[in-house]
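Participant: Following this line is model.cif, made up of mmCIF, C-alpha atoms:
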data_upload
loop_
_atom_site.label_atom_id
_atom_site.label_comp_id
_atom_site.auth_asym_id
_atom_site.auth_seq_id
_atom_site.Cartn_x
_atom_site.Cartn_y
_atom_site.Cartn_z
CA MET A 22 99.39 81.41 119.18
CA ASN A 23 98.24 84.95 119.84
CA LEU A 24 97.15 87.45 117.21
CA LYS A 25 100.60 89.02 116.92
CA GLU A 26 102.14 85.62 116.16
CA ALA A 27 99.26 84.78 113.83
CA PHE A 28 99.81 87.91 111.73
CA ARG A 29 103.52 87.12 111.49
CA TYR A 30 102.72 83.56 110.43
CA GLN A 31 100.23 84.88 107.89
CA ASN A 32 102.97 87.00 106.33
CA LYS A 33 105.24 83.94 106.24
CA LEU A 34 102.62 81.88 104.42
CA GLN A 35 102.12 84.68 101.92
CA ALA A 36 105.87 84.95 101.29
CA LEU A 37 106.13 81.18 100.69
CA MET A 38 103.16 81.29 98.32
CA ASP A 39 104.72 84.18 96.42
CA GLU A 40 107.95 82.21 96.04
CA ALA A 41 106.11 79.12 94.83
CA GLN A 42 104.11 81.17 92.32
CA SER A 43 107.30 82.81 91.13
CA LEU A 44 108.76 79.38 90.38
CA LEU A 45 105.63 78.32 88.52
CA GLY A 46 105.43 81.60 86.65
CA ARG A 47 108.77 81.13 84.89
CA ASP A 48 108.44 79.29 81.59
CA SER A 49 112.00 78.02 81.95
CA ASN A 50 110.93 76.11 85.07
CA VAL A 51 107.73 74.54 83.74
CA THR A 52 108.87 73.64 80.22
CA LYS A 53 111.70 71.65 78.68
CA VAL A 54 113.34 72.89 75.52
CA GLN A 55 115.09 70.40 73.24
CA ASN A 56 117.33 71.67 70.46
CA THR A 57 118.28 69.37 67.58
CA TYR A 58 121.11 70.27 65.20
CA PRO A 59 120.93 68.19 61.95
CA ARG A 60 124.60 68.76 61.13
CA LYS A 61 124.81 65.83 58.68
CA LYS A 62 122.63 67.76 56.26
CA VAL A 63 125.36 70.35 56.01
CA MET A 64 128.46 68.22 56.52
CA ALA A 65 128.31 64.49 55.84
CA GLU A 66 131.16 63.75 58.26
CA ALA A 67 129.47 65.65 61.14
CA GLU A 68 127.24 64.09 63.78
CA ASN A 69 123.74 65.30 64.56
CA GLU A 70 123.41 66.77 68.05
CA THR A 71 120.56 67.18 70.51
CA THR A 72 120.76 69.39 73.60
CA ILE A 73 118.36 70.15 76.44
CA ASP A 74 118.18 73.64 77.94
CA ILE A 75 118.86 73.37 81.66
CA SER A 76 116.47 75.23 83.98
CA PRO A 77 118.23 77.61 86.36
CA THR A 78 116.25 76.39 89.39
CA GLU A 79 116.68 73.27 91.48
CA TYR A 80 112.92 72.68 91.47
CA CYS A 81 112.54 72.14 87.71
CA GLU A 82 112.08 68.39 88.18
CA GLN A 83 109.55 68.88 91.00
CA ILE A 84 107.10 71.28 89.38
CA THR A 85 104.03 69.12 90.01
CA ASP A 86 105.07 68.88 93.66
CA VAL A 87 105.46 72.66 93.82
CA VAL A 88 101.88 73.01 92.54
CA GLY A 89 100.66 70.72 95.33
CA PHE A 90 102.79 72.65 97.83
CA LEU A 91 101.24 75.94 96.73
CA LEU A 92 97.73 74.57 97.24
CA TYR A 93 98.79 73.17 100.63
CA LEU A 94 99.99 76.63 101.66
CA LEU A 95 96.73 78.15 100.44
CA ASP A 96 94.75 75.74 102.62
CA LYS A 97 96.86 76.70 105.65
CA HIS A 98 96.43 80.37 104.82
CA GLU A 99 92.65 79.91 104.69
CA ALA A 100 92.60 78.01 108.00
CA LEU A 101 94.70 80.70 109.68
CA ALA A 102 92.47 83.45 108.28
CA LYS A 103 89.43 81.73 109.82
CA GLY A 104 91.23 81.47 113.16
CA ILE A 105 92.19 85.15 113.06
CA ARG A 106 88.65 86.17 112.19
CA ALA A 107 87.25 84.13 115.09
CA ALA A 108 89.78 85.65 117.48
CA LYS A 109 88.92 89.17 116.32
CA ASN A 110 85.20 88.50 116.78
CA GLY A 111 85.88 87.77 120.44
CA LEU A 112 87.62 91.08 121.08
CA PRO A 113 85.99 93.98 122.96
CA ILE A 114 86.78 96.32 120.04
CA ASP A 115 86.46 96.20 116.27
CA MET A 116 90.16 95.73 115.62
CA ASP A 117 90.21 96.42 111.87
CA SER A 118 88.17 99.60 112.21
CA GLU A 119 90.23 100.86 115.14
CA VAL A 120 93.52 100.22 113.30
CA SER A 121 92.25 102.27 110.36
CA LEU A 122 90.85 105.01 112.57
CA ASN A 123 94.01 105.24 114.64
CA SER A 124 96.10 105.60 111.52
CA ARG A 125 93.88 108.52 110.51
CA ARG A 126 94.15 110.03 114.02
CA GLN A 127 97.95 109.90 113.80
CA HIS A 128 97.93 111.57 110.38
CA ILE A 129 95.66 114.33 111.67
CA ALA A 130 97.83 114.75 114.77
CA ALA A 131 100.88 115.20 112.53
CA THR A 132 99.06 117.98 110.67
CA PHE A 133 98.08 119.68 113.95
CA GLN A 134 101.67 119.32 115.17
CA HIS A 135 102.95 121.10 112.06
CA MET A 136 100.38 123.89 112.49
CA SER A 137 101.26 124.35 116.16
CA GLU A 138 104.92 124.85 115.26
CA LEU A 139 104.28 127.61 112.72
CA ARG A 140 105.45 131.08 113.72
CA SER A 141 104.73 134.55 112.40
CA SER A 142 107.67 135.97 110.48
CA GLU A 143 108.85 138.97 108.51
CA VAL A 144 111.52 138.76 105.82
CA THR A 145 112.79 140.92 103.02
CA VAL A 146 113.29 139.21 99.68
CA PRO A 147 115.94 141.13 97.71
CA ASN A 148 114.76 141.85 94.16
CA GLY A 149 111.76 139.63 94.75
CA GLY A 150 109.30 141.99 93.12
CA VAL A 151 108.93 142.93 89.46
CA GLY A 152 107.28 146.08 88.12
CA TYR A 153 106.98 147.82 84.77
CA ARG A 154 107.49 151.42 83.66
CA PHE A 155 107.97 153.42 80.50
CA ASN A 156 111.45 154.66 79.72
CA THR A 157 112.34 157.94 78.10
CA ASP A 158 111.81 156.37 74.67
CA GLY A 159 108.26 155.40 75.59
CA ASN A 160 109.02 151.70 75.77
CA GLN A 161 107.73 149.55 78.59
CA VAL A 162 110.57 148.01 80.59
CA SER A 163 110.68 145.91 83.74
CA TYR A 164 112.42 146.73 86.97
CA LYS A 165 112.97 144.86 90.23
CA CYS A 166 112.46 145.85 93.82
CA ASP A 167 112.65 144.23 97.24
CA VAL A 168 109.64 142.49 98.74
CA LYS A 169 108.74 142.74 102.40
CA ARG A 170 106.99 139.46 103.18
CA VAL A 171 105.04 139.20 106.43
CA THR A 172 103.64 135.78 107.38
CA THR A 173 101.07 135.42 110.16
CA ILE A 174 99.01 132.44 111.27
CA ASN A 175 95.28 132.72 110.65
CA PHE A 176 94.05 130.26 113.27
CA ASP A 177 93.86 129.96 117.04
CA ARG A 178 97.05 128.18 118.08
CA ASN A 179 95.66 127.31 121.51
CA VAL A 180 92.67 125.54 119.97
CA ILE A 181 94.96 123.54 117.68
CA ARG A 182 97.21 122.56 120.58
CA LYS A 183 94.20 121.44 122.59
CA HIS A 184 92.97 119.26 119.74
CA LEU A 185 96.50 117.90 119.23
CA ALA A 186 96.79 116.83 122.87
CA GLU A 187 93.37 115.16 122.75
CA MET A 188 94.19 113.40 119.49
CA ASN A 189 97.49 112.09 120.84
CA ARG A 190 95.85 110.85 124.04
CA LYS A 191 93.15 109.02 122.07
CA ALA A 192 95.65 107.50 119.60
CA ASP A 193 97.93 106.34 122.42
CA SER A 194 95.02 104.83 124.32
CA VAL A 195 93.75 102.92 121.29
CA SER A 196 97.29 101.78 120.41
CA ALA A 197 97.71 100.37 123.91
CA GLU A 198 94.37 98.56 123.65
CA LEU A 199 95.31 97.13 120.25
CA ASP A 200 98.64 95.93 121.67
CA ARG A 201 96.82 94.16 124.50
CA CYS A 202 94.48 92.51 122.00
CA MET A 203 97.41 91.37 119.84
CA VAL A 204 99.05 89.66 122.80
CA ASN A 205 96.03 88.31 124.69
CA ALA A 206 93.71 87.14 121.90
CA LYS A 207 94.27 83.46 121.13
CA VAL A 208 94.06 82.09 117.58
CA ASP A 209 92.96 78.47 117.09
CA PHE A 210 95.62 77.35 114.62
CA GLU A 211 98.33 74.72 114.81
CA PRO A 212 101.38 75.91 112.83
CA PRO A 213 102.65 73.10 110.55
CA PHE A 214 106.19 74.52 110.45
CA ASP A 215 108.36 77.07 112.19
CA VAL A 216 107.90 80.65 111.06
CA ASN A 217 111.68 80.97 110.58
CA ASP A 218 111.99 77.92 108.27
CA SER A 219 113.19 78.56 104.72
CA PHE A 220 111.23 77.72 101.56
CA ALA A 221 113.49 74.72 100.98
CA ASP A 222 112.94 73.45 104.53
CA VAL A 223 109.15 73.78 104.39
CA PHE A 224 108.96 72.24 100.92
CA ALA A 225 111.14 69.30 101.98
CA ALA A 226 108.93 68.69 105.04
CA TYR A 227 105.83 68.84 102.83
CA LEU A 228 107.30 66.23 100.45
CA TRP A 229 108.20 63.99 103.40
CA LYS A 230 104.60 64.07 104.61
CA GLN A 231 103.37 63.06 101.16
CA GLU A 232 105.40 59.86 101.16
#
For this file, produce the structure as structure tokens.

Facilitator:
Amino acid sequence: MNLKEAFRYQNKLQALMDEAQSLLGRDSNVTKVQNTYPRKKVMAEAENETTIDISPTEYCEQITDVVGFLLYLLDKHEALAKGIRAAKNGLPIDMDSEVSLNSRRQHIAATFQHMSELRSSEVTVPNGGVGYRFNTDGNQVSYKCDVKRVTTINFDRNVIRKHLAEMNRKADSVSAELDRCMVNAKVDFEPPFDVNDSFADVFAAYLWKQE
């Protein structure tokens, strides 16, 4: 598989592990609750009764197997991680660093794009200003007036546009290189199941292999 497929498979393994841990994390799945009602103590003619709380999941009788399945998935996750690391080490670029840097480039480019789109403007804000004066009784009172608001940019737009173009070119170039690496880099890992299989399917196949 290539790196793109490996990352997808890695996400699948993580999702299956999360589901297995969710099953194991519910007390209702990993414990049995027995309720006994000593009715004869209250009514001599009544019969004592014992009930068992039923777990809401179909895996309640296979909890030990789910534990083994979780550890099996963890082993596969570790093996895949080693394969991915080896594949990355063979690349002409430091993939993790470039992904992080390119994300930052794109954020900076978005800021430059916003700055380049700003325009000078002049607006009048009706009753936007407040002042104070003394009335004929000598009391201080407030009054309102319009505000003329002039907005101008305080940077060189041409410089910003130049940096924006350079940033976009660099980000696009690195993105293209990363895409090539994702497709061309081979990961030494044999997938034990199809990435589209459900939890039930993968668990059933795991149990079959244990027999």

Participant: Determine the nearest neighbour of A:Val146 from the options A:Pro59, A:Tyr164, A:Glu119, A:Val171, counting all atoms listed in the file.

Facilitator: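 Ranking A:Pro59, A:Tyr164, A:Glu119, A:Val171 by distance to A:Val146, first place goes to A:Val171.
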
Participant: Which is closest to A:Asp86 among A:Leu45, A:Thr157, A:Asn32, A:Gln127, if we use all atoms listed in the file?

Facilitator: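 Among the listed residues, the smallest separation from A:Asp86 belongs to A:Leu45.
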
Participant: Could you work out how far atom CA of A:Arg126 lies from atom CA of A:Arg190, giving the answer in Å with one decimal?

Facilitator: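 Distance reported for this atom pair: 10.2 Å.
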
Participant: Which of these residues is nearest to A:Ile73, using only C-alpha atoms: A:Leu199, A:Val54, A:Leu139, A:Val208?

Facilitator: A:Val54

Participant: Please compute the atom CA of A:Leu24-atom CA of A:Ala206 distance, one decimal, in Å.

Facilitator: 5.8 Å

Participant: From the options A:Val216, A:Ala186, A:Ile84, A:Asp48, which residue's atoms come nearest to A:Ser137, counting all atoms listed in the file?

Facilitator: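 Comparing A:Val216, A:Ala186, A:Ile84, A:Asp48 against A:Ser137, the winner is A:Ala186.
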
Participant: Could you work out how far atom CA of A:Phe28 lies from atom CA of A:Asp96, giving the answer in Å with one decimal?

Facilitator: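 Distance reported for this atom pair: 16.0 Å.
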
Participant: Check the smallest atom-to-atom distance from each of A:Leu95, A:Val180, A:Ala192, A:Val151 to A:His128 using all atoms listed in the file, then report the winner.

Facilitator: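 Ranking A:Leu95, A:Val180, A:Ala192, A:Val151 by distance to A:His128, first place goes to A:Ala192.
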
Participant: Which residues, written as a ChimeraX atom specification, have at least one atom at most 8 Å from stretch 74-80 of chain A, with all atoms listed in the file counted and residues fewer than 4 positions away on the same chain left out?

Facilitator: /A:44,49-50,53-56,84,87

Participant: Between A:Gly159, A:Gly149, A:Pro113, A:Gly89, which has the minimum distance to A:Gln42 (counting all atoms listed in the file)?

Facilitator: A:Gly89

Participant: List as JSON, numbers by chain the protein and nucleic acid residues near A:Lys230, meaning an atom at most 12 Å away when only C-alpha atoms are counted, but skip any in the same chain fewer than 2 places from it.

Facilitator: {"A": [86, 90, 93, 213, 223, 224, 225, 226, 227, 228, 232]}
